[in-house]
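run_27.txt follows; it contains compact mmCIF, N, CA and C atoms.
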```txt
# COMPACT_ATOMS: atom_id res chain seq x y z
N MET Y 15 5.26 -3.51 19.34
CA MET Y 15 6.27 -2.72 18.64
C MET Y 15 5.80 -2.50 17.20
N PRO Y 16 5.72 -1.24 16.77
CA PRO Y 16 5.26 -0.99 15.40
C PRO Y 16 6.24 -1.55 14.37
N GLN Y 17 5.68 -2.08 13.33
CA GLN Y 17 6.52 -2.60 12.25
C GLN Y 17 6.19 -1.84 10.97
N SER Y 18 7.05 -2.00 9.98
CA SER Y 18 6.92 -1.24 8.74
C SER Y 18 6.39 -2.14 7.62
N ILE Y 19 5.34 -1.66 6.96
CA ILE Y 19 4.67 -2.45 5.93
C ILE Y 19 4.65 -1.65 4.63
N LEU Y 20 5.01 -2.28 3.54
CA LEU Y 20 4.93 -1.68 2.21
C LEU Y 20 3.74 -2.31 1.48
N VAL Y 21 2.83 -1.45 1.00
CA VAL Y 21 1.66 -1.92 0.27
C VAL Y 21 1.77 -1.45 -1.18
N ILE Y 22 1.65 -2.40 -2.11
CA ILE Y 22 1.76 -2.10 -3.54
C ILE Y 22 0.47 -2.54 -4.22
N ASP Y 23 -0.24 -1.57 -4.80
CA ASP Y 23 -1.51 -1.84 -5.48
C ASP Y 23 -1.72 -0.73 -6.49
N ASP Y 24 -2.21 -1.06 -7.66
CA ASP Y 24 -2.41 -0.03 -8.70
C ASP Y 24 -3.67 0.80 -8.47
N GLU Y 25 -4.49 0.44 -7.50
CA GLU Y 25 -5.72 1.18 -7.21
C GLU Y 25 -5.51 2.11 -6.01
N PRO Y 26 -5.52 3.44 -6.24
CA PRO Y 26 -5.31 4.39 -5.13
C PRO Y 26 -6.30 4.21 -3.98
N ASP Y 27 -7.56 3.87 -4.28
CA ASP Y 27 -8.55 3.67 -3.22
C ASP Y 27 -8.18 2.49 -2.32
N MET Y 28 -7.66 1.43 -2.91
CA MET Y 28 -7.25 0.26 -2.13
C MET Y 28 -6.04 0.61 -1.26
N LEU Y 29 -5.12 1.40 -1.80
CA LEU Y 29 -3.95 1.82 -1.01
C LEU Y 29 -4.40 2.62 0.21
N MET Y 30 -5.31 3.55 -0.01
CA MET Y 30 -5.80 4.39 1.08
C MET Y 30 -6.55 3.54 2.12
N LEU Y 31 -7.39 2.63 1.65
CA LEU Y 31 -8.14 1.76 2.54
C LEU Y 31 -7.21 0.90 3.40
N LEU Y 32 -6.25 0.26 2.77
CA LEU Y 32 -5.32 -0.60 3.52
C LEU Y 32 -4.49 0.21 4.51
N ARG Y 33 -4.01 1.39 4.09
CA ARG Y 33 -3.23 2.23 5.01
C ARG Y 33 -4.06 2.58 6.24
N MET Y 34 -5.29 3.07 6.02
CA MET Y 34 -6.15 3.44 7.14
C MET Y 34 -6.46 2.24 8.03
N MET Y 35 -6.82 1.13 7.42
CA MET Y 35 -7.17 -0.06 8.15
C MET Y 35 -6.02 -0.53 9.04
N ILE Y 36 -4.83 -0.56 8.48
CA ILE Y 36 -3.66 -1.07 9.21
C ILE Y 36 -3.20 -0.07 10.27
N GLU Y 37 -3.01 1.18 9.88
CA GLU Y 37 -2.49 2.16 10.83
C GLU Y 37 -3.47 2.44 11.96
N ASP Y 38 -4.75 2.50 11.67
CA ASP Y 38 -5.75 2.80 12.69
C ASP Y 38 -5.97 1.65 13.67
N ASN Y 39 -5.66 0.43 13.27
CA ASN Y 39 -5.97 -0.73 14.10
C ASN Y 39 -4.76 -1.47 14.64
N THR Y 40 -3.55 -1.13 14.18
CA THR Y 40 -2.39 -1.88 14.63
C THR Y 40 -1.25 -1.01 15.14
N GLY Y 41 -1.15 0.20 14.68
CA GLY Y 41 0.00 1.03 15.03
C GLY Y 41 1.19 0.81 14.12
N HIS Y 42 1.11 -0.14 13.20
CA HIS Y 42 2.20 -0.35 12.25
C HIS Y 42 2.27 0.84 11.29
N GLU Y 43 3.47 1.08 10.78
CA GLU Y 43 3.68 2.15 9.81
C GLU Y 43 3.49 1.58 8.42
N VAL Y 44 2.77 2.29 7.57
CA VAL Y 44 2.46 1.81 6.23
C VAL Y 44 2.95 2.82 5.19
N GLU Y 45 3.67 2.32 4.22
CA GLU Y 45 4.06 3.12 3.06
C GLU Y 45 3.40 2.47 1.85
N THR Y 46 2.93 3.30 0.92
CA THR Y 46 2.21 2.76 -0.24
C THR Y 46 2.80 3.27 -1.54
N THR Y 47 2.59 2.48 -2.58
CA THR Y 47 2.90 2.90 -3.94
C THR Y 47 1.97 2.16 -4.89
N ASN Y 48 1.65 2.82 -6.00
CA ASN Y 48 0.80 2.18 -7.01
C ASN Y 48 1.63 1.64 -8.17
N ASN Y 49 2.95 1.61 -7.99
CA ASN Y 49 3.86 1.21 -9.06
C ASN Y 49 4.78 0.09 -8.56
N PRO Y 50 4.69 -1.11 -9.14
CA PRO Y 50 5.53 -2.22 -8.68
C PRO Y 50 7.03 -1.92 -8.78
N ALA Y 51 7.46 -1.23 -9.84
CA ALA Y 51 8.89 -0.91 -9.98
C ALA Y 51 9.34 0.03 -8.86
N GLU Y 52 8.50 0.98 -8.50
CA GLU Y 52 8.82 1.87 -7.39
C GLU Y 52 8.86 1.08 -6.08
N GLY Y 53 7.96 0.11 -5.95
CA GLY Y 53 7.97 -0.74 -4.77
C GLY Y 53 9.29 -1.47 -4.61
N LEU Y 54 9.84 -1.98 -5.70
CA LEU Y 54 11.14 -2.64 -5.65
C LEU Y 54 12.23 -1.67 -5.22
N LYS Y 55 12.19 -0.45 -5.75
CA LYS Y 55 13.19 0.56 -5.38
C LYS Y 55 13.07 0.90 -3.90
N LEU Y 56 11.86 1.09 -3.42
CA LEU Y 56 11.66 1.38 -2.00
C LEU Y 56 12.22 0.25 -1.13
N LEU Y 57 11.99 -0.98 -1.55
CA LEU Y 57 12.45 -2.13 -0.79
C LEU Y 57 13.98 -2.18 -0.74
N LYS Y 58 14.63 -1.74 -1.80
CA LYS Y 58 16.10 -1.71 -1.81
C LYS Y 58 16.64 -0.62 -0.89
N ASP Y 59 15.90 0.49 -0.79
CA ASP Y 59 16.38 1.66 -0.06
C ASP Y 59 15.99 1.68 1.42
N LYS Y 60 14.94 0.97 1.80
CA LYS Y 60 14.42 1.04 3.17
C LYS Y 60 14.16 -0.35 3.71
N HIS Y 61 13.98 -0.40 5.03
CA HIS Y 61 13.64 -1.68 5.68
C HIS Y 61 12.12 -1.77 5.84
N TYR Y 62 11.58 -2.90 5.44
CA TYR Y 62 10.18 -3.22 5.67
C TYR Y 62 10.10 -4.60 6.30
N ASP Y 63 9.09 -4.77 7.15
CA ASP Y 63 8.88 -6.07 7.80
C ASP Y 63 7.92 -6.96 7.03
N LEU Y 64 7.14 -6.34 6.12
CA LEU Y 64 6.12 -7.06 5.37
C LEU Y 64 5.79 -6.30 4.10
N VAL Y 65 5.51 -7.05 3.03
CA VAL Y 65 5.01 -6.46 1.78
C VAL Y 65 3.64 -7.06 1.50
N ILE Y 66 2.69 -6.18 1.17
CA ILE Y 66 1.37 -6.60 0.72
C ILE Y 66 1.23 -6.10 -0.71
N SER Y 67 0.93 -7.01 -1.63
CA SER Y 67 0.87 -6.64 -3.04
C SER Y 67 -0.39 -7.17 -3.70
N ASP Y 68 -0.92 -6.36 -4.60
CA ASP Y 68 -2.03 -6.80 -5.45
C ASP Y 68 -1.48 -7.82 -6.45
N LEU Y 69 -2.33 -8.69 -6.94
CA LEU Y 69 -1.91 -9.67 -7.94
C LEU Y 69 -1.89 -9.07 -9.34
N LYS Y 70 -2.98 -8.42 -9.72
CA LYS Y 70 -3.11 -7.89 -11.09
C LYS Y 70 -2.76 -6.41 -11.11
N MET Y 71 -1.60 -6.10 -11.72
CA MET Y 71 -1.17 -4.72 -11.86
C MET Y 71 -0.54 -4.56 -13.24
N PRO Y 72 -0.64 -3.38 -13.84
CA PRO Y 72 -0.02 -3.16 -15.14
C PRO Y 72 1.51 -3.18 -15.03
N GLY Y 73 2.13 -3.76 -16.02
CA GLY Y 73 3.60 -3.79 -16.07
C GLY Y 73 4.22 -4.99 -15.39
N MET Y 74 3.75 -5.32 -14.19
CA MET Y 74 4.32 -6.43 -13.43
C MET Y 74 3.23 -6.95 -12.50
N ASP Y 75 2.89 -8.23 -12.61
CA ASP Y 75 1.86 -8.74 -11.70
C ASP Y 75 2.49 -9.10 -10.35
N GLY Y 76 1.65 -9.42 -9.41
CA GLY Y 76 2.10 -9.68 -8.05
C GLY Y 76 3.06 -10.85 -7.92
N ILE Y 77 2.90 -11.87 -8.74
CA ILE Y 77 3.81 -13.03 -8.68
C ILE Y 77 5.18 -12.64 -9.24
N GLU Y 78 5.20 -11.90 -10.34
CA GLU Y 78 6.48 -11.41 -10.88
C GLU Y 78 7.17 -10.50 -9.86
N LEU Y 79 6.38 -9.64 -9.24
CA LEU Y 79 6.92 -8.75 -8.21
C LEU Y 79 7.49 -9.56 -7.05
N PHE Y 80 6.77 -10.60 -6.62
CA PHE Y 80 7.25 -11.46 -5.55
C PHE Y 80 8.61 -12.06 -5.91
N ASP Y 81 8.74 -12.56 -7.15
CA ASP Y 81 10.01 -13.15 -7.59
C ASP Y 81 11.15 -12.13 -7.51
N GLU Y 82 10.88 -10.89 -7.91
CA GLU Y 82 11.90 -9.83 -7.87
C GLU Y 82 12.20 -9.42 -6.43
N LEU Y 83 11.17 -9.34 -5.59
CA LEU Y 83 11.37 -8.98 -4.19
C LEU Y 83 12.28 -9.99 -3.50
N LYS Y 84 12.10 -11.25 -3.80
CA LYS Y 84 12.88 -12.30 -3.15
C LYS Y 84 14.36 -12.23 -3.54
N LYS Y 85 14.66 -11.66 -4.71
CA LYS Y 85 16.06 -11.47 -5.11
C LYS Y 85 16.71 -10.38 -4.27
N VAL Y 86 15.91 -9.38 -3.89
CA VAL Y 86 16.42 -8.24 -3.13
C VAL Y 86 16.44 -8.54 -1.63
N LYS Y 87 15.33 -9.05 -1.12
CA LYS Y 87 15.18 -9.34 0.31
C LYS Y 87 14.53 -10.72 0.46
N PRO Y 88 15.32 -11.78 0.44
CA PRO Y 88 14.74 -13.13 0.43
C PRO Y 88 13.92 -13.50 1.66
N ASP Y 89 14.14 -12.81 2.78
CA ASP Y 89 13.45 -13.19 4.00
C ASP Y 89 12.17 -12.41 4.28
N ILE Y 90 11.85 -11.43 3.45
CA ILE Y 90 10.67 -10.61 3.74
C ILE Y 90 9.39 -11.36 3.37
N PRO Y 91 8.43 -11.41 4.30
CA PRO Y 91 7.17 -12.07 3.97
C PRO Y 91 6.32 -11.20 3.04
N VAL Y 92 5.59 -11.86 2.15
CA VAL Y 92 4.75 -11.18 1.17
C VAL Y 92 3.35 -11.77 1.22
N ILE Y 93 2.36 -10.89 1.33
CA ILE Y 93 0.95 -11.28 1.25
C ILE Y 93 0.43 -10.75 -0.08
N ILE Y 94 -0.24 -11.61 -0.85
CA ILE Y 94 -0.82 -11.20 -2.14
C ILE Y 94 -2.33 -11.07 -1.95
N ILE Y 95 -2.88 -9.96 -2.45
CA ILE Y 95 -4.33 -9.77 -2.43
C ILE Y 95 -4.83 -9.63 -3.86
N THR Y 96 -6.03 -10.13 -4.11
CA THR Y 96 -6.55 -10.05 -5.47
C THR Y 96 -8.06 -10.20 -5.51
N ALA Y 97 -8.64 -9.58 -6.52
CA ALA Y 97 -10.07 -9.78 -6.80
C ALA Y 97 -10.25 -10.89 -7.82
N TYR Y 98 -9.14 -11.36 -8.39
CA TYR Y 98 -9.20 -12.34 -9.48
C TYR Y 98 -8.56 -13.65 -9.08
N GLY Y 99 -8.71 -14.04 -7.83
CA GLY Y 99 -8.05 -15.23 -7.35
C GLY Y 99 -8.73 -16.51 -7.77
N SER Y 100 -7.92 -17.51 -7.94
CA SER Y 100 -8.42 -18.87 -8.16
C SER Y 100 -7.61 -19.78 -7.26
N LEU Y 101 -8.12 -20.96 -7.01
CA LEU Y 101 -7.38 -21.90 -6.17
C LEU Y 101 -6.03 -22.25 -6.79
N GLU Y 102 -5.99 -22.36 -8.10
CA GLU Y 102 -4.74 -22.71 -8.78
C GLU Y 102 -3.69 -21.61 -8.61
N ILE Y 103 -4.10 -20.36 -8.79
CA ILE Y 103 -3.16 -19.24 -8.62
C ILE Y 103 -2.69 -19.17 -7.17
N ALA Y 104 -3.62 -19.30 -6.24
CA ALA Y 104 -3.26 -19.26 -4.82
C ALA Y 104 -2.31 -20.39 -4.47
N ASP Y 105 -2.58 -21.58 -4.95
CA ASP Y 105 -1.72 -22.73 -4.69
C ASP Y 105 -0.32 -22.50 -5.24
N ASP Y 106 -0.23 -22.01 -6.48
CA ASP Y 106 1.08 -21.73 -7.08
C ASP Y 106 1.84 -20.67 -6.28
N ALA Y 107 1.13 -19.62 -5.86
CA ALA Y 107 1.77 -18.55 -5.09
C ALA Y 107 2.30 -19.07 -3.76
N LEU Y 108 1.50 -19.86 -3.07
CA LEU Y 108 1.93 -20.40 -1.78
C LEU Y 108 3.10 -21.37 -1.94
N LYS Y 109 3.11 -22.15 -3.01
CA LYS Y 109 4.24 -23.06 -3.27
C LYS Y 109 5.52 -22.29 -3.53
N LYS Y 110 5.41 -21.10 -4.13
CA LYS Y 110 6.59 -20.27 -4.38
C LYS Y 110 7.13 -19.64 -3.11
N GLY Y 111 6.29 -19.57 -2.08
CA GLY Y 111 6.75 -18.99 -0.82
C GLY Y 111 6.00 -17.76 -0.37
N VAL Y 112 4.93 -17.38 -1.07
CA VAL Y 112 4.10 -16.28 -0.62
C VAL Y 112 3.53 -16.64 0.75
N ALA Y 113 3.57 -15.69 1.68
CA ALA Y 113 3.14 -15.97 3.05
C ALA Y 113 1.64 -16.26 3.13
N ASP Y 114 0.85 -15.51 2.35
CA ASP Y 114 -0.59 -15.75 2.34
C ASP Y 114 -1.18 -15.14 1.08
N PHE Y 115 -2.40 -15.56 0.77
CA PHE Y 115 -3.09 -15.15 -0.45
C PHE Y 115 -4.51 -14.82 -0.04
N ILE Y 116 -4.92 -13.56 -0.21
CA ILE Y 116 -6.22 -13.11 0.25
C ILE Y 116 -7.04 -12.60 -0.93
N THR Y 117 -8.30 -13.02 -1.01
CA THR Y 117 -9.16 -12.56 -2.10
C THR Y 117 -10.00 -11.37 -1.65
N LYS Y 118 -10.18 -10.44 -2.59
CA LYS Y 118 -11.06 -9.29 -2.37
C LYS Y 118 -12.48 -9.71 -2.74
N PRO Y 119 -13.48 -9.21 -2.12
CA PRO Y 119 -13.39 -8.30 -0.97
C PRO Y 119 -13.02 -9.08 0.28
N PHE Y 120 -12.29 -8.43 1.15
CA PHE Y 120 -11.90 -9.07 2.40
C PHE Y 120 -12.47 -8.28 3.57
N ARG Y 121 -12.61 -8.96 4.68
CA ARG Y 121 -13.08 -8.30 5.89
C ARG Y 121 -11.89 -7.71 6.63
N LYS Y 122 -12.11 -6.59 7.29
CA LYS Y 122 -11.05 -5.92 8.04
C LYS Y 122 -10.41 -6.86 9.04
N ASP Y 123 -11.21 -7.57 9.82
CA ASP Y 123 -10.67 -8.47 10.84
C ASP Y 123 -9.81 -9.56 10.21
N SER Y 124 -10.22 -10.03 9.05
CA SER Y 124 -9.49 -11.10 8.38
C SER Y 124 -8.10 -10.63 7.93
N ILE Y 125 -8.04 -9.47 7.29
CA ILE Y 125 -6.73 -9.01 6.81
C ILE Y 125 -5.83 -8.61 7.98
N LEU Y 126 -6.39 -8.02 9.02
CA LEU Y 126 -5.58 -7.65 10.18
C LEU Y 126 -5.03 -8.90 10.86
N PHE Y 127 -5.85 -9.94 10.97
CA PHE Y 127 -5.37 -11.20 11.54
C PHE Y 127 -4.23 -11.77 10.70
N THR Y 128 -4.40 -11.76 9.38
CA THR Y 128 -3.38 -12.31 8.49
C THR Y 128 -2.08 -11.51 8.60
N ILE Y 129 -2.18 -10.20 8.65
CA ILE Y 129 -0.98 -9.36 8.79
C ILE Y 129 -0.27 -9.66 10.10
N ASN Y 130 -1.01 -9.67 11.19
CA ASN Y 130 -0.38 -9.92 12.50
C ASN Y 130 0.21 -11.32 12.59
N ARG Y 131 -0.49 -12.31 12.05
CA ARG Y 131 0.02 -13.68 12.06
C ARG Y 131 1.30 -13.80 11.23
N THR Y 132 1.32 -13.15 10.07
CA THR Y 132 2.49 -13.20 9.19
C THR Y 132 3.68 -12.51 9.84
N LEU Y 133 3.46 -11.35 10.45
CA LEU Y 133 4.55 -10.63 11.13
C LEU Y 133 5.08 -11.45 12.32
N GLU Y 134 4.19 -12.07 13.06
CA GLU Y 134 4.61 -12.88 14.21
C GLU Y 134 5.41 -14.11 13.76
N LEU Y 135 4.96 -14.76 12.71
CA LEU Y 135 5.70 -15.91 12.19
C LEU Y 135 7.09 -15.49 11.71
N ALA Y 136 7.19 -14.35 11.04
CA ALA Y 136 8.50 -13.86 10.58
C ALA Y 136 9.41 -13.56 11.78
N ARG Y 137 8.85 -12.99 12.84
CA ARG Y 137 9.63 -12.70 14.05
C ARG Y 137 10.17 -13.99 14.67
N VAL Y 138 9.32 -14.99 14.78
CA VAL Y 138 9.72 -16.27 15.36
C VAL Y 138 10.81 -16.92 14.50
N GLN Y 139 10.67 -16.85 13.20
CA GLN Y 139 11.68 -17.43 12.30
C GLN Y 139 13.03 -16.72 12.46
N ARG Y 140 13.00 -15.36 12.59
CA ARG Y 140 14.25 -14.61 12.80
C ARG Y 140 14.91 -15.01 14.12
N GLU Y 141 14.10 -15.12 15.17
CA GLU Y 141 14.63 -15.53 16.48
C GLU Y 141 15.23 -16.93 16.42
N ASN Y 142 14.58 -17.83 15.72
CA ASN Y 142 15.07 -19.19 15.57
C ASN Y 142 16.44 -19.21 14.89
N ILE Y 143 16.59 -18.41 13.84
CA ILE Y 143 17.86 -18.33 13.12
C ILE Y 143 18.95 -17.79 14.05
N GLU Y 144 18.63 -16.74 14.81
CA GLU Y 144 19.60 -16.17 15.74
C GLU Y 144 20.00 -17.17 16.82
N LEU Y 145 19.03 -17.90 17.35
CA LEU Y 145 19.35 -18.90 18.38
C LEU Y 145 20.23 -20.01 17.82
N LYS Y 146 19.96 -20.44 16.60
CA LYS Y 146 20.79 -21.47 15.97
C LYS Y 146 22.21 -20.97 15.78
N LYS Y 147 22.36 -19.71 15.39
CA LYS Y 147 23.71 -19.14 15.23
C LYS Y 147 24.45 -19.13 16.56
N LYS Y 148 23.75 -18.74 17.63
CA LYS Y 148 24.38 -18.70 18.95
C LYS Y 148 24.78 -20.10 19.42
N LEU Y 149 23.97 -21.10 19.12
CA LEU Y 149 24.29 -22.47 19.50
C LEU Y 149 25.51 -22.99 18.75
N GLN Y 150 25.70 -22.53 17.53
CA GLN Y 150 26.84 -23.00 16.73
C GLN Y 150 28.15 -22.33 17.14
N GLU Y 151 28.06 -21.20 17.85
CA GLU Y 151 29.27 -20.49 18.26
C GLU Y 151 29.99 -21.16 19.40
```

Mind turning this structure into structure tokens?
Amino acid sequence: MPQSILVIDDEPDMLMLLRMMIEDNTGHEVETTNNPAEGLKLLKDKHYDLVISDLKMPGMDGIELFDELKKVKPDIPVIIITAYGSLEIADDALKKGVADFITKPFRKDSILFTINRTLELARVQRENIELKKKLQE
């Protein structure tokens, strides 16, 4: 079943690459923006199953964006990608609840695996919540 993914990155080439990579290999629908504030607005107005965000962007970095996204949609998984990753930044991001942290350059197979694993984990978590609600009724 195709799912909807929002990709936020200030580099147009990276947006195009990720869109092609994901849509051509998974069937998921991808929407992109190079503006974190626009990404927040899109998230408020539409349903997405996953957000992929760059870490270093002008105006708002990926961690700040993650914090704002969680206020709007607390259950949406977020994958952060960056060319400037360090173990400390990755560790902090994962402790905050980021689903995964990927460093550039990345291999196509690696990012597709991470996307599919993250979407599957989110699906299982939603099903678990629904089953718990039914058991409590």

Original post:
So which residues of stretch 68-107 of chain Y fall under strand (DSSP E or B) by DSSP, listed as number ranges by chain?
Top reply: Y: 68, 92-96

Original post:
Any idea what the distance is between atom C of Y:Leu29 and atom C of Y:Gly111?
Top reply: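 A separation of 22.9 Å between them.
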
Subject >> Members of chain Y assigned helix (DSSP H, G or I) by DSSP, as a count of residues only >> reply: 75

Subject >> Point (6.6, -0.8, 20.6) neighbourhood (12 Å, only C-alpha atoms) written as a list in words >> reply: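 Selection result: Met15, Pro16, Gln17, Ser18, Thr40, Gly41, His42 and Glu43 of chain Y.
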
**OP:** Find the spatial neighbours of Y:Glu25, counting all atoms listed in the file, within a cut-off of 8 Å - ignore same-chain residues fewer than 5 positions away - and output them as a list of chain:residue names.
**Re:** Y:Met30, Y:Leu31, Y:Thr47, Y:Asn48, Y:Asn49, Y:Asp68, Y:Lys70, Y:Met71

Subject >> Selected residue of minimal separation from Y:Asp75 among Y:Lys109, Y:Lys58, Y:Gln150, Y:Pro50, counting only N, CA and C atoms >> reply: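 Closest candidate: Y:Pro50.
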
Subject >> Closest of Y:Ile125, Y:Ile90, Y:Met74, Y:Met34 to Y:His61 - atom-to-atom distances counting only C-alpha atoms >> reply: Y:Ile90

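Take the candidates Y:Leu126, Y:Lys84, Y:Ile77, Y:Lys55 and check each one against Y:Ala104 using only C-alpha atoms; the shortest distance goes to Y:Ile77.
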
Subject >> Contacts of Y:Leu64 within 8 Å, all atoms listed in the file, excl. fewer than 4 positions in-chain, as number ranges by chain >> reply: Y: 17-21, 90-93, 132-133

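With distances restricted to only N, CA and C atoms, Y:Asp114 is the closest residue to Y:Ile94 from Y:Glu82, Y:Asp123, Y:Glu37, Y:Asp114.
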
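Nearest to Y:Asp63 of all the residues Y:Arg140, Y:Arg33, Y:Arg121, Y:Lys148 is Y:Arg140, based on only C-alpha atoms.
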
Subject >> Shortest interatomic distance to Y:Leu69 - which of Y:Leu108, Y:Leu101, Y:Ile95, Y:Ile22, counting only N, CA and C atoms >> reply: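 The closest residue to Y:Leu69 is Y:Ile95.
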
As lines of an AutoDock Vina configuration file: centre and edge lengths in Å, one decimal, of the axis-aligned box holding stretch 117-121 of chain Y with 3 Å per side:
```
center_x = -10.9
center_y = -10.4
center_z = 1.9
size_x = 11.2
size_y = 11.3
size_z = 15.4
```

Neighbour list for Y:Asp59 as a compact mmCIF listing (two decimals) with N, CA and C atoms, keeping the file's coordinate frame, cut-off 12 Å, only C-alpha atoms, skip fewer than 5 positions in-chain:
```txt
# COMPACT_ATOMS: atom_id res chain seq x y z
N GLU Y 52 8.50 0.98 -8.50
CA GLU Y 52 8.82 1.87 -7.39
C GLU Y 52 8.86 1.08 -6.08
N GLY Y 53 7.96 0.11 -5.95
CA GLY Y 53 7.97 -0.74 -4.77
C GLY Y 53 9.29 -1.47 -4.61
N LEU Y 54 9.84 -1.98 -5.70
CA LEU Y 54 11.14 -2.64 -5.65
C LEU Y 54 12.23 -1.67 -5.22
N VAL Y 86 15.91 -9.38 -3.89
CA VAL Y 86 16.42 -8.24 -3.13
C VAL Y 86 16.44 -8.54 -1.63
N LYS Y 87 15.33 -9.05 -1.12
CA LYS Y 87 15.18 -9.34 0.31
C LYS Y 87 14.53 -10.72 0.46
```
